[in-house]
>>> print(open('protein-v1.txt').read())   # compact mmCIF, C-alpha atoms and all ligand atoms
# COMPACT_ATOMS: atom_id res chain seq x y z
CA MET F 1 0.00 0.00 0.00
CA ASN F 2 1.43 3.40 -0.87
CA LYS F 3 1.44 6.40 1.50
CA LEU F 4 -1.71 8.08 0.26
CA THR F 5 -3.76 4.89 0.30
CA LYS F 6 -2.57 4.11 3.84
CA CYS F 7 -3.69 7.54 4.93
CA LEU F 8 -7.06 7.27 3.13
CA ILE F 9 -7.97 3.71 3.99
CA ASN F 10 -6.15 2.94 7.25
CA LYS F 11 -6.33 6.54 8.53
CA ASP F 12 -2.59 6.19 9.09
CA LYS F 13 -1.11 9.17 10.98
CA SER F 14 2.54 8.18 10.79
CA CYS F 15 3.34 10.42 7.83
CA VAL F 16 1.92 13.35 5.89
CA PRO F 17 1.68 12.61 2.17
CA VAL F 18 1.81 15.63 -0.12
CA TRP F 19 0.47 16.58 -3.57
CA PHE F 20 -1.18 19.71 -5.01
CA MET F 21 -4.34 20.43 -6.93
CA ARG F 22 -3.36 21.86 -10.32
CA GLN F 23 0.18 20.60 -9.87
CA ALA F 24 0.19 19.71 -13.57
CA GLY F 25 -0.33 23.06 -15.17
CA ARG F 26 0.16 26.66 -15.89
CA TYR F 27 2.77 27.71 -13.30
CA LEU F 28 5.31 25.30 -14.80
CA PRO F 29 7.41 26.61 -17.72
CA GLU F 30 7.66 23.08 -19.14
CA PHE F 31 3.84 22.98 -19.31
CA GLN F 32 3.65 26.45 -20.86
CA LYS F 33 6.00 25.30 -23.59
CA ILE F 34 3.78 22.35 -24.57
CA ARG F 35 0.64 24.47 -24.20
CA SER F 36 1.98 27.19 -26.52
CA GLN F 37 2.45 24.57 -29.23
CA ASN F 38 -1.03 23.12 -28.63
CA PRO F 39 -3.64 25.88 -28.82
CA ASP F 40 -6.61 23.49 -28.66
CA PHE F 41 -6.92 22.50 -25.00
CA ILE F 42 -9.34 19.59 -25.53
CA LYS F 43 -7.09 18.15 -28.22
CA LEU F 44 -4.19 18.41 -25.80
CA CYS F 45 -6.19 16.47 -23.17
CA LEU F 46 -6.87 13.83 -25.85
CA ASN F 47 -3.21 13.49 -26.78
CA SER F 48 -2.32 10.58 -24.50
CA GLU F 49 1.42 10.97 -25.08
CA LEU F 50 1.47 14.65 -24.11
CA SER F 51 -1.13 14.24 -21.36
CA ALA F 52 1.04 11.56 -19.70
CA GLU F 53 4.11 13.76 -20.12
CA ILE F 54 2.39 16.77 -18.50
CA THR F 55 1.08 14.57 -15.67
CA LEU F 56 4.65 13.50 -14.92
CA GLN F 57 6.24 16.97 -15.16
CA PRO F 58 5.69 17.89 -11.48
CA ILE F 59 6.78 14.39 -10.41
CA LYS F 60 10.12 14.87 -12.15
CA ARG F 61 10.64 18.24 -10.48
CA TYR F 62 9.41 17.54 -6.96
CA ASP F 63 9.24 14.94 -4.20
CA LEU F 64 5.45 14.35 -4.39
CA ASP F 65 3.40 11.33 -3.32
CA ALA F 66 0.87 11.45 -6.13
CA ALA F 67 0.38 12.40 -9.74
CA ILE F 68 -3.03 13.72 -10.89
CA ILE F 69 -3.90 12.93 -14.45
CA PHE F 70 -3.76 15.93 -16.79
CA SER F 71 -7.32 16.20 -18.07
CA ASP F 72 -10.32 18.38 -17.19
CA ILE F 73 -13.69 18.05 -15.48
CA LEU F 74 -15.25 19.29 -18.75
CA MET F 75 -14.23 16.12 -20.55
CA LEU F 76 -17.55 14.75 -19.29
CA PRO F 77 -19.79 17.21 -21.19
CA PHE F 78 -17.42 16.74 -24.13
CA GLY F 79 -17.96 12.96 -23.94
CA LEU F 80 -21.72 13.59 -23.86
CA GLY F 81 -21.50 15.55 -27.11
CA GLN F 82 -21.24 19.18 -26.02
CA GLU F 83 -18.55 21.20 -27.74
CA VAL F 84 -16.01 22.66 -25.28
CA LYS F 85 -13.71 25.58 -26.05
CA PHE F 86 -11.19 27.30 -23.82
CA GLU F 87 -10.51 30.89 -24.73
CA LYS F 88 -7.61 32.70 -23.18
CA ASN F 89 -8.69 34.74 -20.13
CA LEU F 90 -12.36 33.95 -20.77
CA GLY F 91 -12.47 30.47 -19.30
CA PRO F 92 -14.37 27.55 -20.79
CA LYS F 93 -17.24 28.01 -23.28
CA LEU F 94 -19.60 25.17 -24.10
CA SER F 95 -21.99 24.94 -27.05
CA LYS F 96 -25.68 25.33 -26.20
CA ILE F 97 -26.95 22.29 -24.37
CA GLU F 98 -29.36 20.00 -26.25
CA ILE F 99 -30.84 18.04 -23.38
CA ASN F 100 -32.73 15.35 -25.30
CA LYS F 101 -29.74 14.58 -27.48
CA LEU F 102 -27.52 14.40 -24.43
CA LEU F 103 -29.90 12.08 -22.57
CA ASP F 104 -29.72 9.68 -25.55
CA VAL F 105 -25.93 9.25 -25.56
CA LYS F 106 -24.92 5.61 -25.12
CA GLU F 107 -22.09 4.32 -22.95
CA ASN F 108 -20.00 3.00 -25.88
CA LYS F 109 -19.99 6.29 -27.70
CA PHE F 110 -19.01 8.15 -24.54
CA ILE F 111 -16.15 5.75 -23.77
CA ASN F 112 -14.87 5.96 -27.36
CA LYS F 113 -14.75 9.75 -27.21
CA LEU F 114 -12.70 9.65 -24.02
CA ASP F 115 -10.55 6.69 -24.93
CA GLN F 116 -7.35 8.75 -25.06
CA VAL F 117 -7.86 9.92 -21.46
CA TYR F 118 -7.76 6.28 -20.35
CA LYS F 119 -4.72 5.63 -22.59
CA ALA F 120 -2.96 8.57 -20.91
CA ILE F 121 -3.65 7.02 -17.50
CA GLU F 122 -2.26 3.66 -18.68
CA LYS F 123 0.89 5.32 -20.02
CA THR F 124 1.38 7.36 -16.85
CA ARG F 125 0.87 4.35 -14.59
CA LYS F 126 3.61 2.46 -16.45
CA GLU F 127 6.10 5.26 -15.89
CA LEU F 128 5.08 6.28 -12.39
CA ASP F 129 6.91 4.70 -9.47
CA LYS F 130 4.75 2.13 -7.64
CA SER F 131 5.19 4.04 -4.38
CA LYS F 132 3.20 6.95 -5.82
CA SER F 133 -0.55 7.22 -6.31
CA LEU F 134 -2.19 8.14 -9.58
CA ILE F 135 -5.24 10.29 -8.94
CA GLY F 136 -8.12 10.22 -11.40
CA PHE F 137 -10.89 12.79 -11.02
CA VAL F 138 -14.32 14.03 -12.01
CA GLY F 139 -16.31 17.22 -11.53
CA ALA F 140 -19.39 16.76 -9.37
CA PRO F 141 -22.73 17.09 -11.23
CA TRP F 142 -23.68 20.55 -9.90
CA THR F 143 -20.30 22.04 -10.83
CA LEU F 144 -20.64 20.52 -14.30
CA LEU F 145 -24.21 21.83 -14.70
CA ILE F 146 -22.90 25.35 -14.12
CA TYR F 147 -20.69 25.07 -17.20
CA MET F 148 -23.16 23.00 -19.22
CA PHE F 149 -25.89 25.65 -18.77
CA ASP F 150 -23.46 28.59 -18.78
CA LEU F 151 -24.75 29.74 -15.40
CA LYS F 152 -21.66 31.53 -14.16
CA LYS F 153 -21.41 35.25 -14.89
CA ASN F 154 -18.27 35.64 -12.84
CA LYS F 155 -16.59 34.02 -9.85
CA LYS F 156 -19.32 35.03 -7.39
CA ASP F 157 -22.59 35.43 -9.23
CA LEU F 158 -24.84 32.90 -10.78
CA ASN F 159 -27.14 33.59 -13.64
CA ILE F 160 -29.92 31.36 -12.40
CA VAL F 161 -33.08 33.41 -12.80
CA ASN F 162 -34.08 31.21 -15.69
CA PHE F 163 -32.70 28.00 -14.28
CA ASN F 164 -35.48 25.74 -13.10
CA PHE F 165 -34.10 23.34 -10.51
CA ASN F 166 -37.38 21.48 -10.35
CA LYS F 167 -37.90 20.78 -14.02
CA ASP F 168 -38.09 17.07 -14.88
CA GLU F 169 -35.46 17.38 -17.57
CA VAL F 170 -32.98 18.92 -15.12
CA LYS F 171 -33.56 15.96 -12.80
CA SER F 172 -33.07 13.49 -15.68
CA LEU F 173 -29.89 15.30 -16.63
CA LEU F 174 -28.58 15.15 -13.07
CA GLN F 175 -29.16 11.40 -13.12
CA LYS F 176 -27.54 10.96 -16.53
CA ILE F 177 -24.46 12.95 -15.50
CA THR F 178 -24.10 10.97 -12.25
CA GLU F 179 -24.42 7.69 -14.15
CA PHE F 180 -21.81 8.68 -16.74
CA LEU F 181 -19.44 10.06 -14.10
CA CYS F 182 -19.49 6.57 -12.57
CA ILE F 183 -18.66 5.06 -15.97
CA HIS F 184 -15.82 7.58 -16.33
CA ILE F 185 -14.53 6.65 -12.85
CA LYS F 186 -14.65 2.92 -13.57
CA LYS F 187 -12.68 3.40 -16.81
CA GLN F 188 -10.09 5.56 -15.02
CA LYS F 189 -9.69 2.87 -12.38
CA GLU F 190 -9.32 0.10 -14.98
CA ALA F 191 -6.65 2.18 -16.72
CA GLY F 192 -4.63 2.47 -13.49
CA ALA F 193 -5.96 5.32 -11.35
CA ASP F 194 -5.92 4.33 -7.69
CA ILE F 195 -7.75 7.27 -6.05
CA ILE F 196 -10.63 9.44 -7.29
CA GLN F 197 -11.07 13.10 -6.37
CA ILE F 198 -14.54 14.60 -6.88
CA PHE F 199 -14.35 18.37 -7.45
CA ASP F 200 -17.52 20.26 -6.47
CA SER F 201 -15.76 23.58 -6.98
CA TRP F 202 -18.97 25.63 -7.11
CA ALA F 203 -20.93 23.85 -4.35
CA GLY F 204 -20.79 27.14 -2.43
CA LEU F 205 -22.90 28.84 -5.11
CA LEU F 206 -25.87 26.48 -4.67
CA PRO F 207 -28.96 28.03 -3.10
CA GLU F 208 -29.34 26.42 0.30
CA GLU F 209 -32.63 24.70 -0.44
CA HIS F 210 -31.01 22.74 -3.27
CA LEU F 211 -27.85 21.61 -1.46
CA LYS F 212 -29.22 18.18 -0.55
CA GLN F 213 -30.49 17.31 -4.01
CA PHE F 214 -27.78 18.89 -6.13
CA CYS F 215 -24.69 18.47 -3.96
CA TYR F 216 -24.99 15.87 -1.17
CA ALA F 217 -27.10 13.31 -3.04
CA PRO F 218 -25.01 13.09 -6.25
CA ASN F 219 -21.70 13.18 -4.30
CA TYR F 220 -23.10 10.36 -2.15
CA GLU F 221 -24.03 8.29 -5.23
CA ILE F 222 -20.53 8.72 -6.64
CA VAL F 223 -18.77 7.92 -3.35
CA LYS F 224 -20.99 4.84 -2.96
CA PHE F 225 -20.02 3.74 -6.46
CA CYS F 226 -16.30 4.25 -5.72
CA ARG F 227 -16.67 2.10 -2.62
CA LYS F 228 -18.44 -0.60 -4.65
CA ILE F 229 -15.59 -0.81 -7.15
CA ASN F 230 -13.01 -0.50 -4.41
CA ILE F 231 -11.33 2.81 -5.09
CA PRO F 232 -10.89 5.45 -2.34
CA SER F 233 -12.57 8.83 -2.84
CA ILE F 234 -11.70 12.41 -1.89
CA CYS F 235 -14.54 14.97 -1.94
CA PHE F 236 -14.10 18.70 -2.32
CA PRO F 237 -17.39 20.58 -1.79
CA LYS F 238 -15.73 23.98 -1.98
CA GLY F 239 -17.37 26.97 -0.33
CA ILE F 240 -20.09 25.32 1.77
CA GLY F 241 -18.64 26.53 5.11
CA TYR F 242 -19.89 24.85 8.28
CA ARG F 243 -22.06 22.59 6.14
CA TYR F 244 -18.90 20.53 5.54
CA LYS F 245 -20.01 18.66 8.66
CA GLU F 246 -23.42 17.78 7.24
CA PHE F 247 -21.80 16.91 3.92
CA MET F 248 -19.40 14.55 5.64
CA GLU F 249 -22.10 12.83 7.67
CA ILE F 250 -24.28 12.24 4.61
CA VAL F 251 -21.71 11.56 1.87
CA LYS F 252 -19.09 9.70 3.97
CA PRO F 253 -16.11 9.94 1.59
CA ASP F 254 -12.75 8.45 2.58
CA CYS F 255 -11.26 11.94 2.60
CA LEU F 256 -12.43 15.54 2.57
CA ASN F 257 -10.43 18.42 1.06
CA ILE F 258 -11.10 21.56 3.10
CA ASP F 259 -11.02 24.99 1.47
CA SER F 260 -9.20 28.08 2.77
CA ASP F 261 -12.34 29.55 4.36
CA ILE F 262 -12.57 26.61 6.75
CA ASN F 263 -10.88 27.20 10.09
CA PRO F 264 -8.58 24.16 10.45
CA ASN F 265 -9.22 23.98 14.21
CA TRP F 266 -12.97 23.83 13.50
CA ALA F 267 -12.32 21.09 10.93
CA LYS F 268 -10.28 19.09 13.40
CA GLU F 269 -13.07 19.23 16.00
CA ASN F 270 -16.04 18.75 13.72
CA LEU F 271 -14.99 16.55 10.82
CA ASN F 272 -14.33 13.21 12.47
CA ASN F 273 -13.76 9.69 11.16
CA VAL F 274 -12.47 10.99 7.86
CA CYS F 275 -9.02 11.72 6.49
CA LEU F 276 -8.55 15.45 5.83
CA GLN F 277 -6.66 17.08 2.99
CA GLY F 278 -5.52 20.57 2.10
CA GLY F 279 -6.78 23.86 3.45
CA MET F 280 -3.92 26.33 3.11
CA ASP F 281 -4.69 29.34 0.92
CA PRO F 282 -2.86 29.01 -2.45
CA LYS F 283 -2.35 32.82 -2.42
CA LEU F 284 0.13 32.33 0.44
CA LEU F 285 2.55 30.83 -2.04
CA LEU F 286 2.74 34.26 -3.64
CA ASN F 287 3.74 35.86 -0.32
CA ASN F 288 6.97 36.19 1.56
CA GLU F 289 8.34 32.90 2.78
CA GLY F 290 8.20 33.75 6.49
CA LYS F 291 4.41 33.93 6.61
CA LEU F 292 4.10 31.04 4.18
CA PHE F 293 6.21 28.70 6.31
CA ASP F 294 4.32 29.72 9.46
CA GLU F 295 1.08 28.70 7.76
CA VAL F 296 2.53 25.38 6.56
CA ASP F 297 3.53 24.69 10.17
CA LYS F 298 0.10 25.75 11.39
CA TYR F 299 -1.69 23.13 9.27
CA LEU F 300 0.87 20.45 10.11
CA ASN F 301 0.60 21.17 13.85
CA ILE F 302 -3.19 21.25 13.94
CA PHE F 303 -3.53 17.97 12.04
CA ASN F 304 -0.60 16.31 13.78
CA ASN F 305 -2.83 13.65 15.32
CA ARG F 306 -5.06 13.08 12.32
CA ALA F 307 -4.76 11.27 9.02
CA TYR F 308 -3.85 14.34 6.96
CA ILE F 309 -2.68 14.88 3.38
CA PHE F 310 -0.87 18.15 2.74
CA ASN F 311 -2.45 20.10 -0.15
CA LEU F 312 -4.14 23.50 -0.57
CA GLY F 313 -7.59 25.05 -0.19
CA HIS F 314 -7.83 25.31 -3.99
CA GLY F 315 -5.58 24.78 -7.00
CA LEU F 316 -2.11 26.29 -7.40
CA LEU F 317 -2.31 29.73 -8.99
CA PRO F 318 -0.69 30.28 -12.39
CA GLU F 319 1.54 33.00 -10.83
CA THR F 320 3.11 30.53 -8.37
CA ASN F 321 6.90 30.45 -8.44
CA PRO F 322 7.95 26.78 -8.94
CA GLU F 323 10.88 27.30 -6.55
CA VAL F 324 8.55 28.46 -3.76
CA LEU F 325 6.48 25.30 -4.23
CA LYS F 326 9.67 23.30 -3.90
CA SER F 327 10.48 24.95 -0.58
CA VAL F 328 6.96 24.18 0.72
CA ILE F 329 7.37 20.49 -0.14
CA GLU F 330 10.75 20.43 1.63
CA LYS F 331 9.18 22.08 4.66
CA VAL F 332 6.42 19.42 4.80
CA ARG F 333 8.99 16.63 4.40
CA SER F 334 11.19 17.96 7.18
CA TYR F 335 8.30 18.14 9.69
CA LYS F 336 8.73 16.12 12.93
O1 LIG F 401 -3.54 26.48 -20.30
C1 LIG F 401 -4.75 26.68 -20.13
O2 LIG F 401 -5.35 27.70 -20.47
C2 LIG F 401 -5.54 25.58 -19.53
C3 LIG F 401 -5.65 25.71 -18.09
C4 LIG F 401 -6.25 24.45 -17.52
C5 LIG F 401 -5.56 23.38 -16.95
C6 LIG F 401 -4.07 23.25 -16.78
C7 LIG F 401 -7.62 24.12 -17.52
C8 LIG F 401 -8.72 24.92 -18.06
N1 LIG F 401 -7.76 22.87 -16.96
C9 LIG F 401 -6.54 22.38 -16.61
C10 LIG F 401 -6.25 21.07 -16.04
C11 LIG F 401 -7.08 20.59 -14.92
N2 LIG F 401 -8.36 20.99 -14.61
C12 LIG F 401 -6.70 19.59 -14.02
C13 LIG F 401 -5.40 18.81 -14.19
C14 LIG F 401 -4.62 18.25 -13.24
C15 LIG F 401 -4.08 19.07 -12.08
O3 LIG F 401 -4.87 19.47 -11.21
O4 LIG F 401 -2.86 19.20 -12.00
C16 LIG F 401 -7.75 19.44 -13.09
C17 LIG F 401 -7.83 18.53 -11.88
C18 LIG F 401 -8.79 20.32 -13.49
C19 LIG F 401 -10.09 20.42 -12.82
C20 LIG F 401 -10.99 21.54 -13.12
N3 LIG F 401 -11.25 22.16 -14.32
C21 LIG F 401 -11.84 22.14 -12.14
C22 LIG F 401 -11.94 21.69 -10.72
C23 LIG F 401 -10.85 22.19 -9.87
C24 LIG F 401 -10.82 23.66 -9.63
O5 LIG F 401 -9.81 24.28 -9.93
O6 LIG F 401 -11.81 24.18 -9.08
C25 LIG F 401 -12.59 23.14 -12.79
C26 LIG F 401 -13.64 24.05 -12.16
C27 LIG F 401 -12.21 23.14 -14.17
C28 LIG F 401 -12.76 23.99 -15.23
C29 LIG F 401 -11.71 24.76 -15.93
N4 LIG F 401 -10.73 24.20 -16.69
C30 LIG F 401 -9.88 25.16 -17.18
C31 LIG F 401 -10.34 26.40 -16.71
C32 LIG F 401 -9.71 27.74 -17.03
C33 LIG F 401 -11.48 26.15 -15.95
C34 LIG F 401 -12.39 27.18 -15.33
C35 LIG F 401 -12.16 27.61 -13.98
C36 LIG F 401 -13.15 28.72 -13.69
O7 LIG F 401 -14.31 28.64 -14.17
O8 LIG F 401 -12.75 29.63 -12.97
>>> encode(input="protein-v1.txt", output="structure tokens", more="lines below")
Ligand code: 1CP
Amino acid sequence: MNKLTKCLINKDKSCVPVWFMRQAGRYLPEFQKIRSQNPDFIKLCLNSELSAEITLQPIKRYDLDAAIIFSDILMLPFGLGQEVKFEKNLGPKLSKIEINKLLDVKENKFINKLDQVYKAIEKTRKELDKSKSLIGFVGAPWTLLIYMFDLKKNKKDLNIVNFNFNKDEVKSLLQKITEFLCIHIKKQKEAGADIIQIFDSWAGLLPEEHLKQFCYAPNYEIVKFCRKINIPSICFPKGIGYRYKEFMEIVKPDCLNIDSDINPNWAKENLNNVCLQGGMDPKLLLNNEGKLFDEVDKYLNIFNNRAYIFNLGHGLLPETNPEVLKSVIEKVRSYK
């Protein structure tokens, strides 16, 4: 059993494994180089050779315990037939959703469209040292619906006046997405992923009355499926504040990633019987090293007696200096 699995499954406290969300990406010059030669982001995700190479870039540079496959949560709507474009500084743009067409998509067609993602996982697994985990991932249904219906005006506001949560077709879609996320997870596992992270990055934007149906219930279905096929799960319901406790009690994942708004002392007291991951604000990596190292120590001290995986409260920012990240990893390694 590798370090991350021991922590997730056995709740082992003897070491603190470390990896970072968005560790394969924009802050690395070696990624920027490949990206500048590959303007079509989806095509890049479907180039198994390059995707495996990008996945391994941070592993070559740093002493990390896990690689996360270079792909995107929006590969799911892509697999279901929606066109996905990434425009510089504008974020992702999806073609207008055609619900009936989408509900008709068959498993085989979906798997064929995403075949190269699974090939990339196979290639990475062959090259990745056995002591390291390979993390597969999905976006949770609500977070995907935001992009699929183009509901996000900006980081804080939702354009949901015309979004009818109670419409039958929205419910059918939620079910379809959950079902196909499970297919996507099973294929990632068969290709060699040994942990699944479920990103509900916009859970905090859900109106309270819909949290149960659109966040807890689908995350629960996915975690239950992971347990059935024997792969540990990490949930990240970002932005739901003290409702992390309710989320944990209902969804029961193997691990919870906390965001930077969660007080780590509160998390330690209130989120029991679960491995915890992350928490530190990624902006701190842009600060002076004194404050940064104090914060690294703070998280390590608070979670000293818990199964804890060092990571952040959200993904690494593109402005992060790769050398600063290196010093953080060294600091975590030298703890105790
Ligand atoms: O070069 C570029 O312009 C592409 C930037 C980029 C990268 C490197 C995007 C576009 N996606 C990715 C890779 C990616 N996305 C990974 C790879 C592995 C790693 O983490 O190292 C992962 C796990 C994701 C997941 C993802 N994509 C999330 C969930 C995590 C999070 O950050 O909240 C979300 C919300 C997306 C959507 C997405 N993909 C890309 C962008 C610019 C966005 C939009 C973010 C937003 O709406 O603010």
>>> atom_distance(input="protein-v1.txt", atom1="CA of Ile135 in chain F", atom2="CA of Ile198 in chain F")
10.5 Å
>>> closest_residue(input="protein-v1.txt", among="F:Ile42, F:Ala67, F:Ile54, F:Ile34", to="Glu87 in chain F", atoms="only C-alpha atoms")
F:Ile42
>>> atom_distance(input="protein-v1.txt", atom1="CA of Leu317 in chain F", atom2="CA of Val84 in chain F")
22.4 Å
>>> residues_near_ligand(input="protein-v1.txt", ligand="ligand LIG 401 (chain F)", cutoff="7 Å", atoms="all atoms listed in the file", output="count of residues only")
26
>>> closest_residue(input="protein-v1.txt", among="F:Lys186, F:Lys171, F:Lys101, F:Lys60", to="Tyr118 in chain F", atoms="all atoms listed in the file")
F:Lys186
>>> residues_around(input="protein-v1.txt", residues="range 243-256 of chain F", least_positions_apart="5", cutoff="7 Å", atoms="all atoms listed in the file", output="compact mmCIF listing (two decimals) with C-alpha atoms, in the frame of the given file")
# COMPACT_ATOMS: atom_id res chain seq x y z
CA LEU F 8 -7.06 7.27 3.13
CA ILE F 9 -7.97 3.71 3.99
CA TYR F 216 -24.99 15.87 -1.17
CA ASN F 219 -21.70 13.18 -4.30
CA TYR F 220 -23.10 10.36 -2.15
CA VAL F 223 -18.77 7.92 -3.35
CA PRO F 232 -10.89 5.45 -2.34
CA SER F 233 -12.57 8.83 -2.84
CA ILE F 234 -11.70 12.41 -1.89
CA CYS F 235 -14.54 14.97 -1.94
CA PHE F 236 -14.10 18.70 -2.32
CA ASN F 270 -16.04 18.75 13.72
CA LEU F 271 -14.99 16.55 10.82
CA VAL F 274 -12.47 10.99 7.86
CA CYS F 275 -9.02 11.72 6.49
CA LEU F 276 -8.55 15.45 5.83
CA GLN F 277 -6.66 17.08 2.99
>>> atom_distance(input="protein-v1.txt", atom1="CA of Glu169 in chain F", atom2="CA of Leu114 in chain F")
24.9 Å
>>> residues_around(input="protein-v1.txt", residues="range 109-111 of chain F", least_positions_apart="3", cutoff="12 Å", atoms="only C-alpha atoms", output="PyMOL selection string")
chain F and resi 75-82+102-106+114-119+177+179-188
>>> write_last_selection(input="protein-v1.txt", atoms="C-alpha atoms", output="PDB file, in the coordinates of the input")
ATOM      1  CA  MET F  75     -14.230  16.120 -20.550  1.00  0.00           C
ATOM      2  CA  LEU F  76     -17.550  14.750 -19.290  1.00  0.00           C
ATOM      3  CA  PRO F  77     -19.790  17.210 -21.190  1.00  0.00           C
ATOM      4  CA  PHE F  78     -17.420  16.740 -24.130  1.00  0.00           C
ATOM      5  CA  GLY F  79     -17.960  12.960 -23.940  1.00  0.00           C
ATOM      6  CA  LEU F  80     -21.720  13.590 -23.860  1.00  0.00           C
ATOM      7  CA  GLY F  81     -21.500  15.550 -27.110  1.00  0.00           C
ATOM      8  CA  GLN F  82     -21.240  19.180 -26.020  1.00  0.00           C
ATOM      9  CA  LEU F 102     -27.520  14.400 -24.430  1.00  0.00           C
ATOM     10  CA  LEU F 103     -29.900  12.080 -22.570  1.00  0.00           C
ATOM     11  CA  ASP F 104     -29.720   9.680 -25.550  1.00  0.00           C
ATOM     12  CA  VAL F 105     -25.930   9.250 -25.560  1.00  0.00           C
ATOM     13  CA  LYS F 106     -24.920   5.610 -25.120  1.00  0.00           C
ATOM     14  CA  LEU F 114     -12.700   9.650 -24.020  1.00  0.00           C
ATOM     15  CA  ASP F 115     -10.550   6.690 -24.930  1.00  0.00           C
ATOM     16  CA  GLN F 116      -7.350   8.750 -25.060  1.00  0.00           C
ATOM     17  CA  VAL F 117      -7.860   9.920 -21.460  1.00  0.00           C
ATOM     18  CA  TYR F 118      -7.760   6.280 -20.350  1.00  0.00           C
ATOM     19  CA  LYS F 119      -4.720   5.630 -22.590  1.00  0.00           C
ATOM     20  CA  ILE F 177     -24.460  12.950 -15.500  1.00  0.00           C
ATOM     21  CA  GLU F 179     -24.420   7.690 -14.150  1.00  0.00           C
ATOM     22  CA  PHE F 180     -21.810   8.680 -16.740  1.00  0.00           C
ATOM     23  CA  LEU F 181     -19.440  10.060 -14.100  1.00  0.00           C
ATOM     24  CA  CYS F 182     -19.490   6.570 -12.570  1.00  0.00           C
ATOM     25  CA  ILE F 183     -18.660   5.060 -15.970  1.00  0.00           C
ATOM     26  CA  HIS F 184     -15.820   7.580 -16.330  1.00  0.00           C
ATOM     27  CA  ILE F 185     -14.530   6.650 -12.850  1.00  0.00           C
ATOM     28  CA  LYS F 186     -14.650   2.920 -13.570  1.00  0.00           C
ATOM     29  CA  LYS F 187     -12.680   3.400 -16.810  1.00  0.00           C
ATOM     30  CA  GLN F 188     -10.090   5.560 -15.020  1.00  0.00           C
TER      31      GLN F 188
END
>>> residues_around(input="protein-v1.txt", residues="Ala66 in chain F", least_positions_apart="4", cutoff="8 Å", atoms="all atoms listed in the file", output="compact mmCIF listing (two decimals) with C-alpha atoms, keeping the file's coordinate frame")
# COMPACT_ATOMS: atom_id res chain seq x y z
CA LEU F 4 -1.71 8.08 0.26
CA VAL F 18 1.81 15.63 -0.12
CA TRP F 19 0.47 16.58 -3.57
CA ILE F 59 6.78 14.39 -10.41
CA LYS F 132 3.20 6.95 -5.82
CA SER F 133 -0.55 7.22 -6.31
CA LEU F 134 -2.19 8.14 -9.58
CA ILE F 135 -5.24 10.29 -8.94
>>> closest_residue(input="protein-v1.txt", among="F:Cys226, F:Leu292, F:Cys15, F:Ile121", to="Gln197 in chain F", atoms="all atoms listed in the file")
F:Cys226
>>> closest_residue(input="protein-v1.txt", among="F:Ile195, F:Asn154, F:Lys176, F:Val170", to="Val138 in chain F", atoms="all atoms listed in the file")
F:Ile195
>>> closest_residue(input="protein-v1.txt", among="F:Ser48, F:Asn273, F:Ser172, F:Asn311", to="Asn10 in chain F", atoms="all atoms listed in the file")
F:Asn273
>>> closest_residue(input="protein-v1.txt", among="F:Thr178, F:Asn257, F:Ser36, F:Gln213", to="Phe225 in chain F", atoms="only C-alpha atoms")
F:Thr178
>>> residues_around(input="protein-v1.txt", residues="range 142-153 of chain F", least_positions_apart="5", cutoff="6 Å", atoms="only C-alpha atoms", output="short mmCIF file (atom, residue, chain, number, x, y, z; two decimals) with C-alpha atoms, in the coordinates of the input")
data_model
loop_
_atom_site.label_atom_id
_atom_site.label_comp_id
_atom_site.auth_asym_id
_atom_site.auth_seq_id
_atom_site.Cartn_x
_atom_site.Cartn_y
_atom_site.Cartn_z
CA LEU F 158 -24.84 32.90 -10.78
CA ASN F 159 -27.14 33.59 -13.64
CA ASP F 200 -17.52 20.26 -6.47
CA TRP F 202 -18.97 25.63 -7.11
CA PHE F 214 -27.78 18.89 -6.13
#
>>> decode(input="protein-v1.txt", residues="range 156-161 of chain F", atoms="N, CA, C and O atoms", output="PDB file, in the first residue's frame")
ATOM      1  N   LYS F 156     -18.412  35.019  -8.549  1.00  0.00           N
ATOM      2  CA  LYS F 156     -19.318  35.029  -7.394  1.00  0.00           C
ATOM      3  C   LYS F 156     -20.789  34.862  -7.757  1.00  0.00           C
ATOM      4  O   LYS F 156     -21.562  34.317  -6.989  1.00  0.00           O
ATOM      5  N   ASP F 157     -21.153  35.369  -8.933  1.00  0.00           N
ATOM      6  CA  ASP F 157     -22.586  35.433  -9.232  1.00  0.00           C
ATOM      7  C   ASP F 157     -23.043  34.362 -10.195  1.00  0.00           C
ATOM      8  O   ASP F 157     -22.373  34.030 -11.155  1.00  0.00           O
ATOM      9  N   LEU F 158     -24.238  33.890  -9.907  1.00  0.00           N
ATOM     10  CA  LEU F 158     -24.842  32.898 -10.781  1.00  0.00           C
ATOM     11  C   LEU F 158     -25.956  33.545 -11.560  1.00  0.00           C
ATOM     12  O   LEU F 158     -26.686  34.386 -11.065  1.00  0.00           O
ATOM     13  N   ASN F 159     -26.108  33.071 -12.787  1.00  0.00           N
ATOM     14  CA  ASN F 159     -27.141  33.593 -13.639  1.00  0.00           C
ATOM     15  C   ASN F 159     -28.278  32.568 -13.641  1.00  0.00           C
ATOM     16  O   ASN F 159     -28.461  31.851 -14.616  1.00  0.00           O
ATOM     17  N   ILE F 160     -28.983  32.471 -12.496  1.00  0.00           N
ATOM     18  CA  ILE F 160     -29.925  31.360 -12.398  1.00  0.00           C
ATOM     19  C   ILE F 160     -31.397  31.767 -12.392  1.00  0.00           C
ATOM     20  O   ILE F 160     -32.252  30.983 -12.055  1.00  0.00           O
ATOM     21  N   VAL F 161     -31.661  33.013 -12.787  1.00  0.00           N
ATOM     22  CA  VAL F 161     -33.080  33.412 -12.801  1.00  0.00           C
ATOM     23  C   VAL F 161     -33.909  32.483 -13.676  1.00  0.00           C
ATOM     24  O   VAL F 161     -35.047  32.149 -13.346  1.00  0.00           O
TER      25      VAL F 161
END
